[in-house]
file upload15.txt (compact mmCIF, C-alpha atoms and all ligand atoms)
# COMPACT_ATOMS: atom_id res chain seq x y z
CA MET A 749 -8.89 0.00 -44.25
CA GLN A 750 -9.80 -0.36 -40.62
CA ALA A 751 -13.48 -0.03 -39.69
CA GLU A 752 -14.41 2.79 -37.34
CA GLY A 753 -14.60 1.58 -33.73
CA ALA A 754 -12.67 -1.61 -34.52
CA PRO A 755 -10.07 -2.56 -31.93
CA THR A 756 -6.57 -1.36 -32.75
CA ALA A 757 -3.58 -3.68 -32.48
CA MET A 758 -1.81 -3.82 -29.15
CA HIS A 759 1.87 -4.60 -28.91
CA TYR A 760 2.98 -6.90 -26.08
CA ALA A 761 6.62 -6.65 -24.99
CA GLU A 762 8.39 -9.05 -22.66
CA PRO A 763 11.75 -7.36 -22.03
CA GLU A 764 14.54 -9.26 -20.29
CA THR A 765 16.42 -6.30 -18.85
CA LEU A 766 15.40 -3.11 -17.08
CA ALA A 767 16.93 -1.05 -19.89
CA GLU A 768 14.80 -2.89 -22.46
CA ALA A 769 11.71 -2.41 -20.30
CA LEU A 770 12.35 1.34 -20.04
CA SER A 771 12.90 1.53 -23.78
CA ALA A 772 9.60 -0.27 -24.48
CA LEU A 773 7.83 1.96 -21.95
CA SER A 774 9.00 5.10 -23.77
CA ALA A 775 6.37 4.47 -26.47
CA GLU A 776 3.39 6.85 -26.26
CA GLY A 777 0.65 5.39 -24.00
CA ALA A 778 2.68 2.30 -23.05
CA ARG A 779 1.90 0.68 -19.68
CA CYS A 780 3.70 -1.72 -17.41
CA LEU A 781 1.97 -5.04 -16.86
CA ALA A 782 2.63 -6.63 -13.46
CA GLY A 783 0.01 -9.00 -12.00
CA GLY A 784 -2.64 -7.60 -14.33
CA GLN A 785 -5.26 -7.67 -11.57
CA SER A 786 -6.16 -3.99 -11.94
CA LEU A 787 -4.83 -3.21 -15.40
CA VAL A 788 -6.58 -6.06 -17.21
CA ALA A 789 -9.80 -5.36 -15.31
CA MET A 790 -9.66 -1.74 -16.52
CA MET A 791 -8.96 -2.89 -20.09
CA ASN A 792 -11.85 -5.35 -19.93
CA ALA A 793 -14.10 -2.54 -18.72
CA GLY A 794 -13.03 -0.39 -21.69
CA LEU A 795 -11.42 2.22 -19.44
CA LEU A 796 -7.95 1.79 -20.92
CA ALA A 797 -6.55 0.56 -24.23
CA PRO A 798 -2.76 0.85 -23.99
CA PRO A 799 -1.10 0.49 -27.41
CA VAL A 800 1.89 -1.20 -25.74
CA LEU A 801 1.94 -3.50 -22.73
CA VAL A 802 5.35 -3.96 -21.12
CA SER A 803 5.38 -7.11 -19.03
CA LEU A 804 7.81 -6.92 -16.11
CA ARG A 805 7.82 -10.63 -15.37
CA ARG A 806 11.14 -11.42 -17.08
CA VAL A 807 13.05 -8.40 -15.80
CA PRO A 808 15.63 -9.79 -13.37
CA GLY A 809 15.78 -8.61 -9.77
CA LEU A 810 12.23 -7.27 -9.51
CA ASP A 811 10.99 -10.32 -7.60
CA ALA A 812 13.13 -9.85 -4.47
CA VAL A 813 11.48 -10.60 -1.13
CA GLU A 814 14.31 -10.17 1.33
CA PRO A 815 14.38 -9.54 5.05
CA ARG A 816 17.04 -6.87 5.75
CA GLU A 817 19.66 -7.33 8.43
CA ASP A 818 18.14 -4.48 10.45
CA GLY A 819 14.74 -6.25 10.54
CA GLY A 820 13.23 -4.26 7.68
CA LEU A 821 12.32 -5.58 4.25
CA ARG A 822 13.59 -5.19 0.72
CA LEU A 823 10.77 -5.92 -1.71
CA GLY A 824 11.07 -5.97 -5.48
CA ALA A 825 8.17 -4.40 -7.37
CA MET A 826 7.11 -7.83 -8.68
CA ALA A 827 6.92 -9.38 -5.19
CA ARG A 828 3.51 -10.94 -5.13
CA HIS A 829 1.15 -10.36 -2.23
CA PHE A 830 1.21 -14.00 -1.04
CA GLU A 831 5.02 -13.95 -0.88
CA VAL A 832 4.96 -10.93 1.43
CA ALA A 833 2.01 -12.30 3.41
CA ARG A 834 3.92 -15.46 4.38
CA LEU A 835 6.94 -13.62 5.82
CA GLN A 836 7.54 -13.69 9.56
CA PRO A 837 8.23 -10.03 10.35
CA ARG A 838 11.05 -9.12 12.74
CA SER A 839 10.22 -5.44 13.24
CA GLY A 840 7.28 -3.07 13.47
CA GLY A 841 7.98 -1.76 9.97
CA ALA A 842 7.97 -5.23 8.44
CA GLU A 843 4.94 -6.22 10.53
CA ILE A 844 2.68 -3.48 9.19
CA VAL A 845 3.51 -4.31 5.56
CA VAL A 846 3.14 -8.07 6.07
CA GLU A 847 -0.18 -7.67 7.91
CA ALA A 848 -1.51 -5.47 5.10
CA ALA A 849 -0.46 -8.08 2.51
CA ARG A 850 -2.40 -10.74 4.44
CA ARG A 851 -5.57 -8.63 4.23
CA ILE A 852 -5.49 -8.02 0.46
CA GLY A 853 -8.37 -9.57 -1.48
CA HIS A 854 -8.52 -13.35 -1.47
CA PRO A 855 -5.97 -16.04 -2.41
CA ALA A 856 -6.39 -15.69 -6.19
CA ILE A 857 -5.67 -11.97 -5.95
CA ARG A 858 -2.75 -12.47 -3.59
CA ASN A 859 -1.26 -15.08 -5.94
CA GLN A 860 -1.15 -12.68 -8.91
CA GLY A 861 -1.06 -9.13 -7.57
CA THR A 862 2.27 -7.39 -6.91
CA ILE A 863 3.31 -4.68 -4.50
CA GLY A 864 4.68 -2.56 -7.35
CA GLY A 865 1.39 -2.81 -9.24
CA SER A 866 -0.61 -2.01 -6.15
CA ILE A 867 1.27 1.15 -5.26
CA ALA A 868 1.63 2.31 -8.88
CA HIS A 869 -2.13 1.90 -9.30
CA ALA A 870 -2.64 3.97 -6.12
CA ASP A 871 -6.22 3.07 -5.34
CA PRO A 872 -6.90 5.00 -2.12
CA ALA A 873 -8.74 1.98 -0.71
CA ALA A 874 -5.84 -0.41 -1.36
CA ASP A 875 -3.91 -1.85 1.56
CA TYR A 876 -0.22 -1.39 0.71
CA PRO A 877 -0.29 2.40 0.23
CA THR A 878 -1.55 2.89 3.79
CA ALA A 879 0.89 0.35 5.22
CA ILE A 880 4.00 1.68 3.46
CA THR A 881 3.05 5.22 4.48
CA CYS A 882 2.87 4.10 8.13
CA ALA A 883 6.20 2.27 7.75
CA GLU A 884 7.84 5.34 6.15
CA ALA A 885 9.04 3.07 3.37
CA VAL A 886 10.97 4.36 0.38
CA VAL A 887 9.84 3.60 -3.18
CA GLN A 888 12.59 3.08 -5.73
CA VAL A 889 11.82 4.14 -9.25
CA ALA A 890 13.90 3.80 -12.44
CA GLY A 891 13.50 5.97 -15.52
CA PRO A 892 15.37 7.22 -18.58
CA GLN A 893 17.30 9.64 -16.35
CA GLY A 894 18.33 6.94 -13.87
CA ALA A 895 17.02 5.79 -10.50
CA ARG A 896 15.48 7.83 -7.70
CA ALA A 897 14.16 7.07 -4.22
CA ILE A 898 10.81 8.55 -3.20
CA PRO A 899 9.59 8.48 0.42
CA ALA A 900 6.12 6.90 0.62
CA ALA A 901 4.79 10.18 2.05
CA ASP A 902 5.65 11.89 -1.27
CA PHE A 903 4.75 9.01 -3.59
CA PHE A 904 0.95 9.19 -3.57
CA HIS A 905 -0.32 12.37 -5.24
CA GLY A 906 -4.06 11.78 -5.59
CA TYR A 907 -6.70 9.30 -6.76
CA TYR A 908 -4.72 6.84 -8.92
CA GLU A 909 -1.89 9.38 -9.21
CA THR A 910 1.67 8.95 -8.03
CA ALA A 911 5.10 10.53 -8.33
CA CYS A 912 6.05 7.76 -10.79
CA ALA A 913 6.10 9.30 -14.30
CA PRO A 914 4.60 7.37 -17.27
CA ASP A 915 8.12 6.53 -18.53
CA GLU A 916 9.30 5.30 -15.11
CA ILE A 917 9.07 1.90 -13.45
CA VAL A 918 8.69 1.18 -9.75
CA ILE A 919 11.51 -1.27 -9.11
CA GLY A 920 11.32 -1.84 -5.37
CA ILE A 921 10.28 -0.80 -1.91
CA GLU A 922 12.63 -0.47 1.07
CA VAL A 923 10.83 -0.92 4.37
CA PRO A 924 12.79 0.33 7.40
CA PRO A 925 12.29 -1.54 10.67
CA GLY A 926 11.08 1.33 12.86
CA PRO A 927 12.48 1.77 16.37
CA PRO A 928 13.40 -1.18 18.60
CA GLY A 929 10.40 -2.58 20.44
CA ALA A 930 7.87 -1.06 18.03
CA ARG A 931 4.97 -3.29 17.05
CA ALA A 932 2.24 -2.76 14.50
CA HIS A 933 -1.32 -3.63 13.63
CA TYR A 934 -3.29 -3.23 10.41
CA GLU A 935 -7.04 -2.90 10.92
CA LYS A 936 -9.38 -3.08 7.95
CA LEU A 937 -13.14 -2.93 7.71
CA MET A 938 -14.67 -4.58 4.62
CA ILE A 939 -18.28 -4.97 3.58
CA VAL A 940 -17.57 -8.49 2.34
CA ASP A 941 -14.55 -10.69 2.86
CA GLY A 942 -11.84 -10.17 0.23
CA ASP A 943 -12.97 -6.67 -0.70
CA PHE A 944 -11.15 -3.34 -0.60
CA ALA A 945 -11.32 -1.39 2.66
CA VAL A 946 -14.21 0.82 3.68
CA VAL A 947 -11.63 2.30 6.05
CA SER A 948 -8.24 0.94 7.08
CA VAL A 949 -5.91 1.98 9.90
CA ALA A 950 -2.19 1.20 10.11
CA VAL A 951 -0.56 1.76 13.49
CA MET A 952 3.02 1.27 14.62
CA LEU A 953 3.88 2.12 18.22
CA ALA A 954 6.22 1.44 21.10
CA MET A 955 5.54 1.59 24.85
CA GLU A 956 7.92 2.46 27.67
CA ARG A 957 6.87 2.19 31.32
CA GLY A 958 3.19 2.38 30.40
CA ALA A 959 3.49 5.39 28.11
CA CYS A 960 3.57 5.58 24.34
CA SER A 961 7.15 6.39 23.35
CA PHE A 962 6.70 6.21 19.58
CA VAL A 963 3.69 6.20 17.28
CA ARG A 964 2.91 6.40 13.59
CA LEU A 965 -0.58 6.26 12.10
CA ALA A 966 -1.86 6.10 8.54
CA ILE A 967 -5.50 5.88 7.53
CA GLY A 968 -6.70 4.46 4.20
CA ALA A 969 -9.82 4.96 2.07
CA VAL A 970 -10.70 8.29 3.67
CA ALA A 971 -8.96 10.66 1.25
CA ALA A 972 -7.27 10.69 -2.15
CA THR A 973 -4.04 9.46 -0.57
CA PRO A 974 -3.21 7.71 2.72
CA LEU A 975 -3.83 10.14 5.56
CA ARG A 976 -1.11 10.91 8.10
CA LEU A 977 -1.62 13.66 10.65
CA ALA A 978 1.19 14.90 12.87
CA ASP A 979 -1.31 16.39 15.37
CA ALA A 980 -3.01 13.02 15.89
CA GLU A 981 0.33 11.30 16.50
CA ALA A 982 1.41 14.10 18.86
CA ALA A 983 -1.85 13.67 20.79
CA LEU A 984 -0.94 10.05 21.53
CA LEU A 985 2.76 10.41 22.23
CA GLY A 986 3.74 10.26 25.91
CA THR A 987 0.25 9.22 27.02
CA ALA A 988 -1.04 5.92 28.40
CA LEU A 989 -3.25 5.65 25.28
CA ASP A 990 -6.36 5.96 27.46
CA ASP A 991 -9.82 6.16 25.92
CA ALA A 992 -10.10 9.95 26.12
CA THR A 993 -6.75 10.45 24.38
CA LEU A 994 -7.63 7.97 21.65
CA ALA A 995 -10.99 9.68 21.15
CA ARG A 996 -9.18 13.02 20.74
CA ALA A 997 -6.75 11.60 18.15
CA GLY A 998 -9.63 9.87 16.37
CA ALA A 999 -11.59 13.12 16.22
CA LEU A 1000 -8.58 14.97 14.75
CA LEU A 1001 -8.20 12.32 12.06
CA ALA A 1002 -11.92 12.25 11.28
CA GLU A 1003 -11.87 16.03 10.85
CA ALA A 1004 -8.82 15.93 8.56
CA ALA A 1005 -10.29 13.12 6.43
CA ASP A 1006 -11.93 13.90 3.11
CA PRO A 1007 -13.80 10.71 2.29
CA VAL A 1008 -16.18 10.11 -0.61
CA ASP A 1009 -19.62 8.51 -0.76
CA ASP A 1010 -19.38 5.31 -2.76
CA MET A 1011 -20.84 1.80 -2.97
CA ARG A 1012 -18.87 0.74 0.14
CA GLY A 1013 -20.16 3.48 2.41
CA SER A 1014 -21.00 7.13 2.83
CA ALA A 1015 -18.46 9.77 3.75
CA ALA A 1016 -20.26 10.24 7.09
CA PHE A 1017 -20.03 6.49 7.83
CA ARG A 1018 -16.31 6.51 7.05
CA ARG A 1019 -15.72 9.48 9.38
CA LYS A 1020 -17.54 7.62 12.16
CA LEU A 1021 -15.44 4.52 11.60
CA ILE A 1022 -12.08 6.27 11.94
CA PRO A 1023 -12.04 6.66 15.77
CA ARG A 1024 -13.44 3.16 16.27
CA LEU A 1025 -10.91 1.44 14.04
CA LEU A 1026 -8.13 3.58 15.49
CA ARG A 1027 -9.04 2.44 19.02
CA ARG A 1028 -9.05 -1.19 17.93
CA ALA A 1029 -5.76 -0.93 16.00
CA VAL A 1030 -3.97 0.87 18.84
CA ALA A 1031 -5.21 -1.68 21.39
CA GLU A 1032 -3.86 -4.54 19.25
CA ALA A 1033 -0.48 -2.90 18.59
CA ARG A 1034 -0.14 -1.91 22.23
CA ALA A 1035 -0.91 -5.44 23.44
CA LYS A 1036 1.79 -6.80 21.13
CA ALA A 1037 4.32 -4.16 22.24
CA GLU A 1038 3.62 -4.85 25.93
CA ALA A 1039 3.72 -8.64 25.47
CA ALA A 1040 7.11 -8.30 23.80
CA HIS A 1041 8.40 -6.36 26.85
CA ALA A 1042 6.96 -8.79 29.43
C1 LIG B 1 -11.39 -8.85 -7.12
C2 LIG B 1 -10.23 -8.00 -6.65
C3 LIG B 1 -10.11 -7.73 -5.29
C4 LIG B 1 -9.04 -6.95 -4.84
N1 LIG B 1 -8.96 -6.68 -3.50
C5 LIG B 1 -7.96 -5.90 -3.06
C6 LIG B 1 -7.85 -5.58 -1.67
O1 LIG B 1 -8.61 -6.02 -0.83
N2 LIG B 1 -6.82 -4.77 -1.30
C7 LIG B 1 -5.91 -4.28 -2.19
O2 LIG B 1 -5.03 -3.54 -1.79
N3 LIG B 1 -5.99 -4.57 -3.50
C8 LIG B 1 -6.98 -5.36 -3.95
N4 LIG B 1 -7.04 -5.67 -5.28
C9 LIG B 1 -6.03 -5.12 -6.21
C10 LIG B 1 -4.84 -6.06 -6.29
O3 LIG B 1 -4.10 -5.95 -5.08
C11 LIG B 1 -3.91 -5.76 -7.46
O4 LIG B 1 -2.93 -6.71 -7.39
C12 LIG B 1 -3.21 -4.42 -7.50
O5 LIG B 1 -4.05 -3.33 -7.45
C13 LIG B 1 -2.47 -4.22 -8.82
O6 LIG B 1 -1.36 -5.00 -8.84
P1 LIG B 1 -0.98 -5.81 -10.12
O7 LIG B 1 0.35 -6.39 -9.85
O8 LIG B 1 -2.05 -6.73 -10.48
O9 LIG B 1 -0.79 -4.61 -11.19
P2 LIG B 1 -1.35 -4.43 -12.66
O10 LIG B 1 -2.82 -4.62 -12.69
O11 LIG B 1 -0.55 -5.21 -13.62
O12 LIG B 1 -1.01 -2.88 -12.86
C14 LIG B 1 -1.74 -1.88 -12.19
C15 LIG B 1 -1.24 -0.50 -12.65
O13 LIG B 1 0.07 -0.26 -12.18
C16 LIG B 1 0.99 -0.10 -13.28
N5 LIG B 1 2.20 -0.82 -12.88
C17 LIG B 1 2.28 -2.12 -12.49
N6 LIG B 1 3.51 -2.41 -12.06
C18 LIG B 1 4.23 -1.27 -12.18
C19 LIG B 1 5.58 -0.93 -11.90
N7 LIG B 1 6.43 -1.81 -11.35
N8 LIG B 1 5.98 0.36 -12.14
C20 LIG B 1 5.13 1.26 -12.66
N9 LIG B 1 3.84 1.00 -12.95
C21 LIG B 1 3.40 -0.25 -12.72
C22 LIG B 1 0.28 -0.69 -14.48
O14 LIG B 1 0.74 -0.10 -15.69
C23 LIG B 1 -1.16 -0.35 -14.18
O15 LIG B 1 -1.41 0.99 -14.51
C24 LIG B 1 -8.08 -6.45 -5.77
C25 LIG B 1 -8.20 -6.73 -7.14
C26 LIG B 1 -9.25 -7.50 -7.58
C27 LIG B 1 -9.33 -7.79 -9.05

call {"tool": "encode", "arguments": {"input": "upload15.txt", "output": "structure tokens", "more": "lines below"}}
Ligand SMILES: Cc1cc2nc3c(=O)[nH]c(=O)nc-3n(C[C@H](O)[C@H](O)[C@H](O)COP(=O)(O)OP(=O)(O)OC[C@H]3O[C@@H](n4cnc5c(N)ncnc54)[C@H](O)[C@@H]3O)c2cc1C
result
Amino acid sequence: MQAEGAPTAMHYAEPETLAEALSALSAEGARCLAGGQSLVAMMNAGLLAPPVLVSLRRVPGLDAVEPREDGGLRLGAMARHFEVARLQPRSGGAEIVVEAARRIGHPAIRNQGTIGGSIAHADPAADYPTAITCAEAVVQVAGPQGARAIPAADFFHGYYETACAPDEIVIGIEVPPGPPGARAHYEKLMIVDGDFAVVSVAVMLAMERGACSFVRLAIGAVAATPLRLADAEAALLGTALDDATLARAGALLAEAADPVDDMRGSAAFRRKLIPRLLRRAVAEARAKAEAAHA
């Protein structure tokens, strides 16, 4: 007889096909295991005790890290952060995702962590969710009913909640290039190097004859999901991205944000940071876009 409070047995599965992985995941309470950086930490902290762990490391095809012909990226869910970080992006869409990968944690984390694990975990302070939202990437998910493609804007549902059902697996992320001439910058404020963001800002923009001809913004760590605001983007479009315009867009974003107080900063501090980081991120992206034109 098992003593009360004693640990229960955990089954570890290492499937070699996607179908086997989905079958193993159909068990009640089963969880995918990718890099283990977040999952194992939660298990160690006693927050989770999945009866079945389904390792994805032997499932073929999940480790793709492929530049697309159009300049975008095709990333398998098991693409590790360091593999994405070392890519040389050829488009604004690829650039924002690669820059975010370079800012994740420190080398040990980047060596183990995967993009699928990061977005499935959906920590609002994580870097990829904000970047793939800015890039308007599409998340591919497989489940018992087949595969489906979910735009990043619809993927994140709340704190640690996504559109991926418990019996589904994120299999990949398609990152479109964005328009020709667009360039991107990922700005992240951390309390200490290698930490999650206090606030992060992803910007992709293009300039034509001194005016902003395209812009997409996503802000991280200021709400339950990455924050995109059409009004803030509209405020920048067609302008010279002067200080007053940027301040107006920053104020709109700060008002729409719903940050929390936590160990990294107060909600008020985060709201103050938004316009400042936005100004910095836009200046960097703009300089790149103009240098590319020169
Ligand atoms: C010290 C430390 C610092 C960190 N700093 C940062 C940082 O600065 N920025 C940042 O963004 N992240 C940071 N992270 C998190 C890191 O990026 C993790 O890699 C990431 O959150 C989880 O990825 P993983 O591959 O390790 O997933 P796992 O820990 O294996 O899994 C995480 C969750 O996702 C589920 N899951 C995994 N893969 C899939 C899949 N393909 N389909 C469906 N569900 C899946 C798991 O079941 C689990 O619930 C840090 C982590 C640590 C430990």

call {"tool": "residues_around", "arguments": {"input": "upload15.txt", "residues": "region 1032-1041 of chain A", "least_positions_apart": "4", "cutoff": "7 Å", "atoms": "only C-alpha atoms", "output": "ChimeraX atom specification"}}
result
/A:929-933,951-955,1028

call {"tool": "residues_around", "arguments": {"input": "upload15.txt", "residues": "Thr878 (chain A)", "least_positions_apart": "3", "cutoff": "8 Å", "atoms": "only C-alpha atoms", "output": "PyMOL selection string"}}
result
chain A and resi 874-875+881-882+948-950+966-968+974-975

call {"tool": "atom_distance", "arguments": {"input": "upload15.txt", "atom1": "CA of Asp979 (chain A)", "atom2": "CA of Val946 (chain A)"}}
result
23.4 Å

call {"tool": "atom_distance", "arguments": {"input": "upload15.txt", "atom1": "CA of Ala972 (chain A)", "atom2": "CA of Pro914 (chain A)"}}
result
19.5 Å

call {"tool": "residues_near_ligand", "arguments": {"input": "upload15.txt", "ligand": "ligand LIG 1 (chain B)", "cutoff": "7 Å", "atoms": "all atoms listed in the file", "output": "compact mmCIF listing (two decimals) with C-alpha atoms, in the coordinates of the input"}}
result
# COMPACT_ATOMS: atom_id res chain seq x y z
CA ARG A 779 1.90 0.68 -19.68
CA CYS A 780 3.70 -1.72 -17.41
CA LEU A 781 1.97 -5.04 -16.86
CA ALA A 782 2.63 -6.63 -13.46
CA GLY A 783 0.01 -9.00 -12.00
CA GLY A 784 -2.64 -7.60 -14.33
CA GLN A 785 -5.26 -7.67 -11.57
CA SER A 786 -6.16 -3.99 -11.94
CA LEU A 787 -4.83 -3.21 -15.40
CA VAL A 788 -6.58 -6.06 -17.21
CA ALA A 789 -9.80 -5.36 -15.31
CA ALA A 825 8.17 -4.40 -7.37
CA MET A 826 7.11 -7.83 -8.68
CA ARG A 851 -5.57 -8.63 4.23
CA ILE A 852 -5.49 -8.02 0.46
CA GLY A 853 -8.37 -9.57 -1.48
CA HIS A 854 -8.52 -13.35 -1.47
CA ILE A 857 -5.67 -11.97 -5.95
CA ARG A 858 -2.75 -12.47 -3.59
CA GLN A 860 -1.15 -12.68 -8.91
CA GLY A 861 -1.06 -9.13 -7.57
CA THR A 862 2.27 -7.39 -6.91
CA ILE A 863 3.31 -4.68 -4.50
CA GLY A 864 4.68 -2.56 -7.35
CA GLY A 865 1.39 -2.81 -9.24
CA SER A 866 -0.61 -2.01 -6.15
CA ALA A 868 1.63 2.31 -8.88
CA HIS A 869 -2.13 1.90 -9.30
CA ALA A 873 -8.74 1.98 -0.71
CA ALA A 874 -5.84 -0.41 -1.36
CA ASP A 875 -3.91 -1.85 1.56
CA TYR A 876 -0.22 -1.39 0.71
CA CYS A 912 6.05 7.76 -10.79
CA GLU A 916 9.30 5.30 -15.11
CA ILE A 917 9.07 1.90 -13.45
CA VAL A 918 8.69 1.18 -9.75
CA ILE A 919 11.51 -1.27 -9.11
CA GLY A 942 -11.84 -10.17 0.23
CA ASP A 943 -12.97 -6.67 -0.70
CA PHE A 944 -11.15 -3.34 -0.60
CA ALA A 945 -11.32 -1.39 2.66

call {"tool": "residues_around", "arguments": {"input": "upload15.txt", "residues": "Asp991 (chain A)", "least_positions_apart": "2", "cutoff": "12 Å", "atoms": "all atoms listed in the file", "output": "PyMOL selection string"}}
result
chain A and resi 984+987-989+993-998+1023-1024+1026-1028+1030-1031

call {"tool": "atom_distance", "arguments": {"input": "upload15.txt", "atom1": "CA of Ser803 (chain A)", "atom2": "CA of Glu762 (chain A)"}}
result
5.1 Å

call {"tool": "axis_aligned_box", "arguments": {"input": "upload15.txt", "around": "region 1008-1014 of chain A", "padding_each_side": "6 Å", "output": "lines of an AutoDock Vina configuration file"}}
result
center_x = -18.6
center_y = 5.4
center_z = -0.1
size_x = 16.8
size_y = 21.4
size_z = 17.8

call {"tool": "residues_around", "arguments": {"input": "upload15.txt", "residues": "Asp818 (chain A)", "least_positions_apart": "5", "cutoff": "9 Å", "atoms": "only C-alpha atoms", "output": "PDB file with C-alpha atoms, in the coordinates of the input"}}
result
ATOM      1  CA  ARG A 838      11.050  -9.120  12.740  1.00  0.00           C
ATOM      2  CA  SER A 839      10.220  -5.440  13.240  1.00  0.00           C
ATOM      3  CA  PRO A 924      12.790   0.330   7.400  1.00  0.00           C
ATOM      4  CA  PRO A 925      12.290  -1.540  10.670  1.00  0.00           C
TER       5      PRO A 925
END

call {"tool": "residues_around", "arguments": {"input": "upload15.txt", "residues": "Tyr908 (chain A)", "least_positions_apart": "2", "cutoff": "8 Å", "atoms": "only C-alpha atoms", "output": "PyMOL selection string"}}
result
chain A and resi 868-872+905-906+910

call {"tool": "closest_residue", "arguments": {"input": "upload15.txt", "among": "A:Val923, A:Leu977, A:Leu773, A:Ala895", "to": "Val802 (chain A)", "atoms": "all atoms listed in the file"}}
result
A:Leu773

call {"tool": "closest_residue", "arguments": {"input": "upload15.txt", "among": "A:His759, A:Arg976, A:Arg806, A:Arg1018", "to": "Lys936 (chain A)", "atoms": "all atoms listed in the file"}}
result
A:Arg1018

call {"tool": "closest_residue", "arguments": {"input": "upload15.txt", "among": "A:Leu965, A:Met758, A:Ala793, A:Ala778", "to": "Gly841 (chain A)", "atoms": "only C-alpha atoms"}}
result
A:Leu965

call {"tool": "closest_residue", "arguments": {"input": "upload15.txt", "among": "A:Glu831, A:Asp1006, A:Asp915, A:Glu922", "to": "Thr973 (chain A)", "atoms": "all atoms listed in the file"}}
result
A:Asp1006

call {"tool": "closest_residue", "arguments": {"input": "upload15.txt", "among": "A:Ile867, A:Ala842, A:Val970, A:Val963", "to": "Leu1021 (chain A)", "atoms": "all atoms listed in the file"}}
result
A:Val970

call {"tool": "closest_residue", "arguments": {"input": "upload15.txt", "among": "A:Leu1025, A:Ala969, A:Ala897, A:Leu795", "to": "Asp1009 (chain A)", "atoms": "all atoms listed in the file"}}
result
A:Ala969
